[in-house]
Amino acid sequence: RQLLRADDSDTVYYQILGARGEYLSGERDLPLPPQEEEPFFGAVRIRDANFRGVDVKVAYTWIKLDLPQARPALVQVAESLDKRAVLATEIVKGVMLPQFIILPLAVLLVWVGLAYAIKPLNRLEERIRARKPDDLSPLDERSIPLEVVPLVASVNDLLQRLKNSISHQKRFLADAAHQLKTPLAGLRMQADLAQREGASAVELTLSLRQIGAATQRATHTVNQLLALARAEEGGTTMARQTCDLAGLTIDVVQDCLPRAMDKAIDLGYEGIRPGAGGARLEGNATLLMEMVRNLVDNAINYTPSSAEQPGVITVRVLADPFGKVLLLQVEDSGPGIPQAERELVFKPFYRALGSEVDGSGLGLPIVLEIAHIHGGSVSLEDAQPGRQPPGSRFTIRIANDAPSAGQASAGPRPSAGQAPDRVVRQVPDRSVILPRR
């Protein structure tokens with residue numbers, strides 16, 4: 001009893017019940033364990049209870065007695081919770097109260113630090129807001145925090161690319177306006193000539209013919225400008241689908257055949273059959289047909305031909321199953337393009353010197369742009385090096401993972417009496433080479 005009463009902070013109670021449940025010592029009214037709980041041995045359990053209006057923790061155990069027909073004896077020790085309450089109060093005072101002082105101070109220090117650290121960013125923001133809309137000069141990287149330098153460098157790179165793009169567009173619009181002024185001025189002049197007094201019927205007919213030609217040139221230039229604009233936007237906005245390049249190319253060749261026949265040009269197709277696995281690629285069918293059409297039109301325009309010496313234009317679609325590349329070639333027997341001009345012909349509105357062919361100078365730039373947005377490249381070389389005329393061969397290489405199948409031979413055109421590898425459909429004085437059906 002004296003041992004249990006030794007704690008100065010808490011009050012300790014105990015109770016001992018004998019083999020018949022009789023009271024032996026301690027507090028008589030100390031709460032008993034739950035009635036549904038079976039006696040246990042060799043362990044001590046702890047429960048919460050209320051004794052004389054005070055919350056206590058009770059530790060209790062059962063002791064097995066070596067007596068005949070004896071019940072287990074019960075030993076309980078209860079302790080009030082004053083010490084725990086005092087300890088919790090001390091923890092709150094010692095730990096939590098300082099936090100109410102430290103946290104506001106920390107928030108204040110963080111706010112001051114951030115305000116000081118973002119002052120250079122605020123000045124940068126003010127400089128950007130104060131800029132004029134046409135000011136695309138690089139931002140100064142010397143007066144900003146080191147951590148923000150990569151961001152400013154990226155913004156400067158974006159500004160530089162935007163400046164180049166705007167400059168290119170301005171130059172393009174200026175060139176386009178210049179190109180459109182010529183046919184429009186011709187239209188106005190011919191209209192004035194047609195309206196003059198005393199003009200004969202022959203002169204009126206000639207003026208109307210010139211007006212029609214100028215209108216056709218202007219329409220062609222506008223269409224080419226629209227095609228180039230669509231090609232430049234196609235990199236991000238075009239709808240892609242599985243296209244059969246061989247089938248699209250044959251359709252273009254067939255559409256261009258009447259024009260080639262008018263110039264006595266032998267226009268033909270060689271290569272893989274439509275529907276072959278290697279001819280398929282992911283792209284935009286409209287843009288791909290525009291690319292092929294511009295190459296074929298360019299070849300027809302610049303290939304001299306006559307009934308005695310017909311020009312030859314060959315369009316090929318070939319698949320490289322090992323390099324996983326799809327090739328489109330347009331080869332002609334024209335005068336060729338000098339080495340010094342082979343890069344210039346892909347620039348808008350540039351036309352080969354000494355050429356009397358009507359054109360806008362936009363066909364090859366459109367071809368280059370469409371090839372690029374399909375992940376391809378364009379190369380130009382002589383079709384027959386060392387010979388005169390050397391001709392030209394435009395080759396477009398586009399990466400293609402589809403398996404190649406059904407490729408036909410793309411060798412020389414079959415001569416008379418020779419079994420051809422391709423089927424030749426004869427048309428008056430001309431032929432177009434189509435895949436075997």
# chains A, B, ... in the order shown; residues from 1 in each chain; ligands from 1
$ residues_around --residues "region 130-140 of chain A" --least-positions-apart "2" --cutoff "8 Å" --atoms "only C-alpha atoms" --output "count of residues only"
12
$ closest_atom_pairs --of "region 81-118 of chain A" --to "region 56-72 of chain A" --cutoff "12 Å" --atoms "only C-alpha atoms" --output "Markdown table"
| residue | atom | partner | partner_atom | distance |
| --- | --- | --- | --- | --- |
| A:Leu81 | CA | A:Val56 | CA | 6.0 |
| A:Asp82 | CA | A:Val56 | CA | 9.3 |
| A:Lys83 | CA | A:Val56 | CA | 11.2 |
| A:Arg84 | CA | A:Lys57 | CA | 10.8 |
| A:Ala85 | CA | A:Val56 | CA | 11.9 |
$ write_last_selection --atoms "N, CA, C and O atoms" --output "tab-separated table (two decimals), in the first residue's frame"
chain	number	residue	atom	x	y	z
A	81	LEU	N	-5.15	10.49	-14.08
A	81	LEU	CA	-4.46	11.00	-15.27
A	81	LEU	C	-3.87	12.39	-15.08
A	81	LEU	O	-3.60	13.10	-16.06
A	82	ASP	N	-3.65	12.78	-13.85
A	82	ASP	CA	-3.12	14.13	-13.60
A	82	ASP	C	-1.74	14.32	-14.22
A	82	ASP	O	-1.45	15.36	-14.83
A	83	LYS	N	-0.88	13.33	-14.11
A	83	LYS	CA	0.47	13.45	-14.65
A	83	LYS	C	0.44	13.58	-16.17
A	83	LYS	O	1.19	14.38	-16.76
A	84	ARG	N	-0.44	12.86	-16.82
A	84	ARG	CA	-0.54	12.94	-18.28
A	84	ARG	C	-1.03	14.32	-18.72
A	84	ARG	O	-0.55	14.89	-19.71
A	85	ALA	N	-2.01	14.85	-17.98
A	85	ALA	CA	-2.51	16.18	-18.32
A	85	ALA	C	-1.42	17.23	-18.15
A	85	ALA	O	-1.27	18.14	-18.98
$ residues_around --residues "Phe394 (chain A)" --least-positions-apart "2" --cutoff "9 Å" --atoms "only C-alpha atoms" --output "PyMOL selection string"
chain A and resi 295+328-331+378-383+392+396
$ write_last_selection --atoms "C-alpha atoms" --output "CSV table (one decimal), in the first residue's frame"
chain,number,residue,atom,x,y,z
A,295,LEU,CA,6.9,19.2,-110.4
A,328,LEU,CA,9.4,10.5,-106.0
A,329,GLN,CA,11.4,11.5,-109.1
A,330,VAL,CA,10.4,13.8,-112.0
A,331,GLU,CA,12.9,13.7,-114.8
A,378,VAL,CA,14.3,17.6,-102.2
A,379,SER,CA,17.4,17.3,-104.4
A,380,LEU,CA,18.2,18.5,-107.9
A,381,GLU,CA,20.7,17.0,-110.3
A,382,ASP,CA,21.3,16.5,-114.0
A,383,ALA,CA,19.2,13.7,-115.6
A,392,SER,CA,16.8,17.8,-114.8
A,396,ILE,CA,12.0,13.8,-103.1
$ closest_atom_pairs --of "region 292-322 of chain A" --to "region 278-282 of chain A" --cutoff "10 Å" --atoms "only C-alpha atoms" --output "JSON lines"
{"residue": "A:Val317", "atom": "CA", "partner": "A:Ala279", "partner_atom": "CA", "distance": 7.7}
{"residue": "A:Leu318", "atom": "CA", "partner": "A:Ala279", "partner_atom": "CA", "distance": 7.8}
{"residue": "A:Ala319", "atom": "CA", "partner": "A:Gly278", "partner_atom": "CA", "distance": 5.6}
{"residue": "A:Asp320", "atom": "CA", "partner": "A:Gly278", "partner_atom": "CA", "distance": 7.9}
{"residue": "A:Pro321", "atom": "CA", "partner": "A:Gly278", "partner_atom": "CA", "distance": 7.4}
$ residues_around --residues "Gly18 (chain A)" --least-positions-apart "3" --cutoff "6 Å" --atoms "only C-alpha atoms" --output "JSON, numbers by chain"
{"A": [21, 22, 73]}
$ write_last_selection --atoms "N, CA and C atoms" --output "mmCIF file, in the first residue's frame"
data_model
loop_
_atom_site.group_PDB
_atom_site.id
_atom_site.type_symbol
_atom_site.label_atom_id
_atom_site.label_comp_id
_atom_site.auth_asym_id
_atom_site.auth_seq_id
_atom_site.Cartn_x
_atom_site.Cartn_y
_atom_site.Cartn_z
ATOM 1 N N GLY A 21 -14.228 -14.654 -5.475
ATOM 2 C CA GLY A 21 -14.661 -13.323 -5.855
ATOM 3 C C GLY A 21 -14.821 -12.406 -4.671
ATOM 4 N N GLU A 22 -14.384 -12.840 -3.466
ATOM 5 C CA GLU A 22 -14.546 -12.010 -2.287
ATOM 6 C C GLU A 22 -13.468 -10.926 -2.257
ATOM 7 N N ALA A 73 -7.948 -15.452 -9.133
ATOM 8 C CA ALA A 73 -7.947 -14.223 -8.355
ATOM 9 C C ALA A 73 -7.720 -13.035 -9.293
#
$ atom_distance --atom1 "CA of Ala49 (chain A)" --atom2 "CA of Pro33 (chain A)"
9.5 Å
$ residues_around --residues "Ala117 (chain A)" --least-positions-apart "5" --cutoff "10 Å" --atoms "only C-alpha atoms" --output "mmCIF file with C-alpha atoms, in the first residue's frame"
data_model
loop_
_atom_site.group_PDB
_atom_site.id
_atom_site.type_symbol
_atom_site.label_atom_id
_atom_site.label_comp_id
_atom_site.auth_asym_id
_atom_site.auth_seq_id
_atom_site.Cartn_x
_atom_site.Cartn_y
_atom_site.Cartn_z
ATOM 1 C CA TRP A 111 7.779 37.433 -48.122
ATOM 2 C CA VAL A 112 10.627 39.929 -47.784
ATOM 3 C CA ASN A 122 9.294 43.156 -62.048
ATOM 4 C CA ILE A 144 18.208 39.398 -64.191
ATOM 5 C CA PRO A 145 18.803 36.563 -61.695
#
$ residues_around --residues "Leu368 (chain A)" --least-positions-apart "4" --cutoff "7 Å" --atoms "only C-alpha atoms" --output "tab-separated table (two decimals) with C-alpha atoms, in the first residue's frame"
chain	number	residue	atom	x	y	z
A	346	PHE	CA	13.61	27.00	-104.52
A	364	LEU	CA	9.37	24.80	-106.58
A	372	HIS	CA	9.48	19.45	-95.51
A	378	VAL	CA	14.33	17.65	-102.18
$ select_by_dssp --residues "region 48-191 of chain A" --states "alpha helix (DSSP H)" --output "compact mmCIF listing (two decimals) with N, CA and C atoms, in the first residue's frame"
# COMPACT_ATOMS: atom_id res chain seq x y z
N ASP A 82 -3.65 12.78 -13.85
CA ASP A 82 -3.12 14.13 -13.60
C ASP A 82 -1.74 14.32 -14.22
N LYS A 83 -0.88 13.33 -14.11
CA LYS A 83 0.47 13.45 -14.65
C LYS A 83 0.44 13.58 -16.17
N ARG A 84 -0.44 12.86 -16.82
CA ARG A 84 -0.54 12.94 -18.28
C ARG A 84 -1.03 14.32 -18.72
N ALA A 85 -2.01 14.85 -17.98
CA ALA A 85 -2.51 16.18 -18.32
C ALA A 85 -1.42 17.23 -18.15
N VAL A 86 -0.63 17.11 -17.07
CA VAL A 86 0.46 18.06 -16.85
C VAL A 86 1.51 17.94 -17.97
N LEU A 87 1.80 16.69 -18.38
CA LEU A 87 2.79 16.48 -19.45
C LEU A 87 2.30 17.06 -20.78
N ALA A 88 1.01 16.86 -21.10
CA ALA A 88 0.47 17.41 -22.34
C ALA A 88 0.52 18.93 -22.32
N THR A 89 0.22 19.54 -21.17
CA THR A 89 0.28 20.99 -21.07
C THR A 89 1.70 21.50 -21.27
N GLU A 90 2.67 20.80 -20.71
CA GLU A 90 4.06 21.21 -20.87
C GLU A 90 4.51 21.07 -22.33
N ILE A 91 4.02 20.03 -23.02
CA ILE A 91 4.38 19.86 -24.44
C ILE A 91 3.81 21.02 -25.27
N LEU A 97 3.55 26.71 -28.53
CA LEU A 97 3.55 28.17 -28.36
C LEU A 97 4.69 28.85 -29.12
N PRO A 98 5.93 28.30 -29.09
CA PRO A 98 6.99 28.96 -29.90
C PRO A 98 6.67 28.97 -31.39
N GLN A 99 5.88 27.97 -31.86
CA GLN A 99 5.55 27.94 -33.28
C GLN A 99 4.71 29.14 -33.69
N PHE A 100 3.86 29.62 -32.79
CA PHE A 100 3.04 30.79 -33.11
C PHE A 100 3.89 32.04 -33.27
N ILE A 101 5.08 32.03 -32.72
CA ILE A 101 6.00 33.15 -32.93
C ILE A 101 6.89 32.91 -34.15
N ILE A 102 7.35 31.64 -34.29
CA ILE A 102 8.29 31.33 -35.38
C ILE A 102 7.62 31.41 -36.75
N LEU A 103 6.39 30.85 -36.86
CA LEU A 103 5.72 30.81 -38.16
C LEU A 103 5.47 32.20 -38.74
N PRO A 104 4.87 33.14 -38.00
CA PRO A 104 4.71 34.49 -38.58
C PRO A 104 6.04 35.13 -38.97
N LEU A 105 7.07 34.90 -38.12
CA LEU A 105 8.37 35.46 -38.45
C LEU A 105 8.92 34.83 -39.74
N ALA A 106 8.74 33.51 -39.89
CA ALA A 106 9.22 32.85 -41.10
C ALA A 106 8.47 33.34 -42.33
N VAL A 107 7.13 33.49 -42.20
CA VAL A 107 6.35 34.01 -43.33
C VAL A 107 6.81 35.40 -43.71
N LEU A 108 7.07 36.23 -42.72
CA LEU A 108 7.55 37.58 -42.98
C LEU A 108 8.89 37.57 -43.71
N LEU A 109 9.81 36.72 -43.24
CA LEU A 109 11.12 36.63 -43.88
C LEU A 109 11.01 36.12 -45.31
N VAL A 110 10.15 35.10 -45.54
CA VAL A 110 9.97 34.58 -46.89
C VAL A 110 9.38 35.65 -47.81
N TRP A 111 8.40 36.38 -47.31
CA TRP A 111 7.78 37.43 -48.12
C TRP A 111 8.79 38.51 -48.49
N VAL A 112 9.60 38.92 -47.50
CA VAL A 112 10.63 39.93 -47.78
C VAL A 112 11.64 39.40 -48.80
N GLY A 113 12.05 38.12 -48.60
CA GLY A 113 13.02 37.53 -49.53
C GLY A 113 12.48 37.44 -50.95
N LEU A 114 11.23 36.99 -51.08
CA LEU A 114 10.64 36.89 -52.41
C LEU A 114 10.47 38.26 -53.06
N ALA A 115 10.02 39.24 -52.25
CA ALA A 115 9.85 40.58 -52.80
C ALA A 115 11.17 41.13 -53.32
N TYR A 116 12.25 40.87 -52.58
CA TYR A 116 13.57 41.34 -53.01
C TYR A 116 14.05 40.55 -54.23
N ALA A 117 13.76 39.23 -54.24
CA ALA A 117 14.28 38.39 -55.33
C ALA A 117 13.57 38.66 -56.65
N LYS A 119 12.29 41.49 -57.66
CA LYS A 119 12.38 42.87 -58.15
C LYS A 119 12.96 42.93 -59.56
N PRO A 120 14.04 42.17 -59.86
CA PRO A 120 14.53 42.18 -61.26
C PRO A 120 13.48 41.69 -62.25
N LEU A 121 12.65 40.70 -61.84
CA LEU A 121 11.60 40.22 -62.74
C LEU A 121 10.54 41.30 -62.95
N ASN A 122 10.25 42.06 -61.89
CA ASN A 122 9.29 43.16 -62.05
C ASN A 122 9.82 44.21 -63.01
N ARG A 123 11.13 44.52 -62.88
CA ARG A 123 11.71 45.49 -63.81
C ARG A 123 11.69 44.94 -65.24
N LEU A 124 11.95 43.62 -65.38
CA LEU A 124 11.89 43.01 -66.70
C LEU A 124 10.47 43.09 -67.27
N GLU A 125 9.49 42.84 -66.42
CA GLU A 125 8.10 42.95 -66.87
C GLU A 125 7.77 44.36 -67.31
N GLU A 126 8.26 45.36 -66.57
CA GLU A 126 7.99 46.75 -66.94
C GLU A 126 8.64 47.09 -68.28
N ARG A 127 9.86 46.57 -68.49
CA ARG A 127 10.52 46.85 -69.77
C ARG A 127 9.76 46.20 -70.93
N ILE A 128 9.25 44.99 -70.70
CA ILE A 128 8.50 44.31 -71.78
C ILE A 128 7.20 45.05 -72.06
N ARG A 129 6.50 45.48 -71.00
CA ARG A 129 5.24 46.19 -71.21
C ARG A 129 5.45 47.53 -71.90
N VAL A 149 17.94 33.24 -66.38
CA VAL A 149 18.65 33.44 -67.65
C VAL A 149 18.20 32.45 -68.72
N PRO A 150 18.06 31.13 -68.43
CA PRO A 150 17.58 30.22 -69.49
C PRO A 150 16.22 30.61 -70.04
N LEU A 151 15.31 31.07 -69.16
CA LEU A 151 13.99 31.49 -69.64
C LEU A 151 14.10 32.68 -70.57
N VAL A 152 14.90 33.68 -70.19
CA VAL A 152 15.07 34.86 -71.03
C VAL A 152 15.74 34.49 -72.35
N ALA A 153 16.71 33.56 -72.30
CA ALA A 153 17.36 33.11 -73.53
C ALA A 153 16.35 32.45 -74.46
N SER A 154 15.44 31.66 -73.91
CA SER A 154 14.41 31.03 -74.74
C SER A 154 13.48 32.08 -75.35
N VAL A 155 13.12 33.09 -74.54
CA VAL A 155 12.27 34.17 -75.07
C VAL A 155 12.99 34.92 -76.18
N ASN A 156 14.30 35.16 -76.00
CA ASN A 156 15.07 35.84 -77.04
C ASN A 156 15.12 35.02 -78.32
N ASP A 157 15.27 33.71 -78.16
CA ASP A 157 15.26 32.84 -79.34
C ASP A 157 13.92 32.90 -80.06
N LEU A 158 12.82 32.88 -79.26
CA LEU A 158 11.49 33.00 -79.85
C LEU A 158 11.33 34.33 -80.57
N LEU A 159 11.81 35.43 -79.96
CA LEU A 159 11.71 36.74 -80.59
C LEU A 159 12.49 36.78 -81.90
N GLN A 160 13.66 36.15 -81.90
CA GLN A 160 14.47 36.14 -83.12
C GLN A 160 13.76 35.38 -84.24
N ARG A 161 13.20 34.21 -83.89
CA ARG A 161 12.48 33.43 -84.90
C ARG A 161 11.24 34.17 -85.38
N LEU A 162 10.56 34.84 -84.45
CA LEU A 162 9.38 35.62 -84.84
C LEU A 162 9.79 36.79 -85.74
N LYS A 163 10.90 37.41 -85.42
CA LYS A 163 11.40 38.53 -86.25
C LYS A 163 11.73 38.04 -87.66
N ASN A 164 12.39 36.88 -87.74
CA ASN A 164 12.71 36.32 -89.06
C ASN A 164 11.45 35.97 -89.83
N SER A 165 10.46 35.40 -89.12
CA SER A 165 9.22 35.03 -89.78
C SER A 165 8.48 36.26 -90.31
N ILE A 166 8.41 37.31 -89.47
CA ILE A 166 7.72 38.53 -89.92
C ILE A 166 8.47 39.17 -91.08
N SER A 167 9.80 39.18 -91.00
CA SER A 167 10.59 39.73 -92.10
C SER A 167 10.35 38.94 -93.39
N HIS A 168 10.30 37.60 -93.25
CA HIS A 168 10.04 36.78 -94.43
C HIS A 168 8.65 37.06 -95.00
N GLN A 169 7.67 37.21 -94.12
CA GLN A 169 6.32 37.48 -94.60
C GLN A 169 6.23 38.84 -95.29
N LYS A 170 6.91 39.85 -94.70
CA LYS A 170 6.89 41.17 -95.32
C LYS A 170 7.53 41.13 -96.71
N ARG A 171 8.66 40.45 -96.79
CA ARG A 171 9.34 40.34 -98.08
C ARG A 171 8.47 39.56 -99.08
N PHE A 172 7.84 38.50 -98.57
CA PHE A 172 6.97 37.69 -99.43
C PHE A 172 5.80 38.51 -99.94
N LEU A 173 5.16 39.30 -99.06
CA LEU A 173 4.03 40.12 -99.48
C LEU A 173 4.46 41.18 -100.47
N ALA A 174 5.66 41.77 -100.24
CA ALA A 174 6.14 42.77 -101.18
C ALA A 174 6.39 42.15 -102.55
N ASP A 175 7.02 40.96 -102.56
CA ASP A 175 7.24 40.29 -103.85
C ASP A 175 5.93 39.89 -104.51
N ALA A 176 4.98 39.40 -103.68
CA ALA A 176 3.69 39.01 -104.25
C ALA A 176 2.97 40.20 -104.85
N ALA A 177 3.01 41.34 -104.13
CA ALA A 177 2.37 42.54 -104.67
C ALA A 177 3.02 42.96 -105.99
N HIS A 178 4.37 42.85 -106.04
CA HIS A 178 5.07 43.20 -107.27
C HIS A 178 4.68 42.27 -108.41
N GLN A 179 4.57 40.97 -108.11
CA GLN A 179 4.21 40.02 -109.15
C GLN A 179 2.79 40.23 -109.65
N LEU A 180 1.89 40.66 -108.76
CA LEU A 180 0.51 40.87 -109.17
C LEU A 180 0.33 42.19 -109.91
N LYS A 181 1.23 43.15 -109.67
CA LYS A 181 1.09 44.44 -110.34
C LYS A 181 1.25 44.31 -111.85
N THR A 182 2.17 43.41 -112.29
CA THR A 182 2.44 43.30 -113.72
C THR A 182 1.21 42.85 -114.51
N PRO A 183 0.57 41.71 -114.16
CA PRO A 183 -0.63 41.33 -114.93
C PRO A 183 -1.79 42.30 -114.75
N LEU A 184 -1.90 42.91 -113.55
CA LEU A 184 -2.99 43.86 -113.36
C LEU A 184 -2.77 45.11 -114.20
N ALA A 185 -1.51 45.56 -114.27
CA ALA A 185 -1.22 46.71 -115.12
C ALA A 185 -1.48 46.38 -116.58
N GLY A 186 -1.12 45.16 -117.01
CA GLY A 186 -1.41 44.75 -118.37
C GLY A 186 -2.90 44.73 -118.65
N LEU A 187 -3.67 44.24 -117.67
CA LEU A 187 -5.12 44.23 -117.85
C LEU A 187 -5.66 45.65 -118.05
N ARG A 188 -5.19 46.58 -117.23
CA ARG A 188 -5.68 47.95 -117.35
C ARG A 188 -5.29 48.56 -118.70
N MET A 189 -4.05 48.29 -119.12
CA MET A 189 -3.59 48.85 -120.39
C MET A 189 -4.41 48.29 -121.56
N GLN A 190 -4.60 46.98 -121.55
CA GLN A 190 -5.36 46.38 -122.65
C GLN A 190 -6.82 46.84 -122.63
N ALA A 191 -7.37 47.04 -121.43
CA ALA A 191 -8.74 47.56 -121.35
C ALA A 191 -8.81 48.97 -121.91
$ residues_around --residues "Arg52 (chain A)" --least-positions-apart "6" --cutoff "10 Å" --atoms "only C-alpha atoms" --output "PyMOL selection string"
chain A and resi 29-31
$ select_by_dssp --residues "region 56-202 of chain A" --states "strand (DSSP E or B)" --output "ChimeraX atom specification"
/A:56-63,73-80
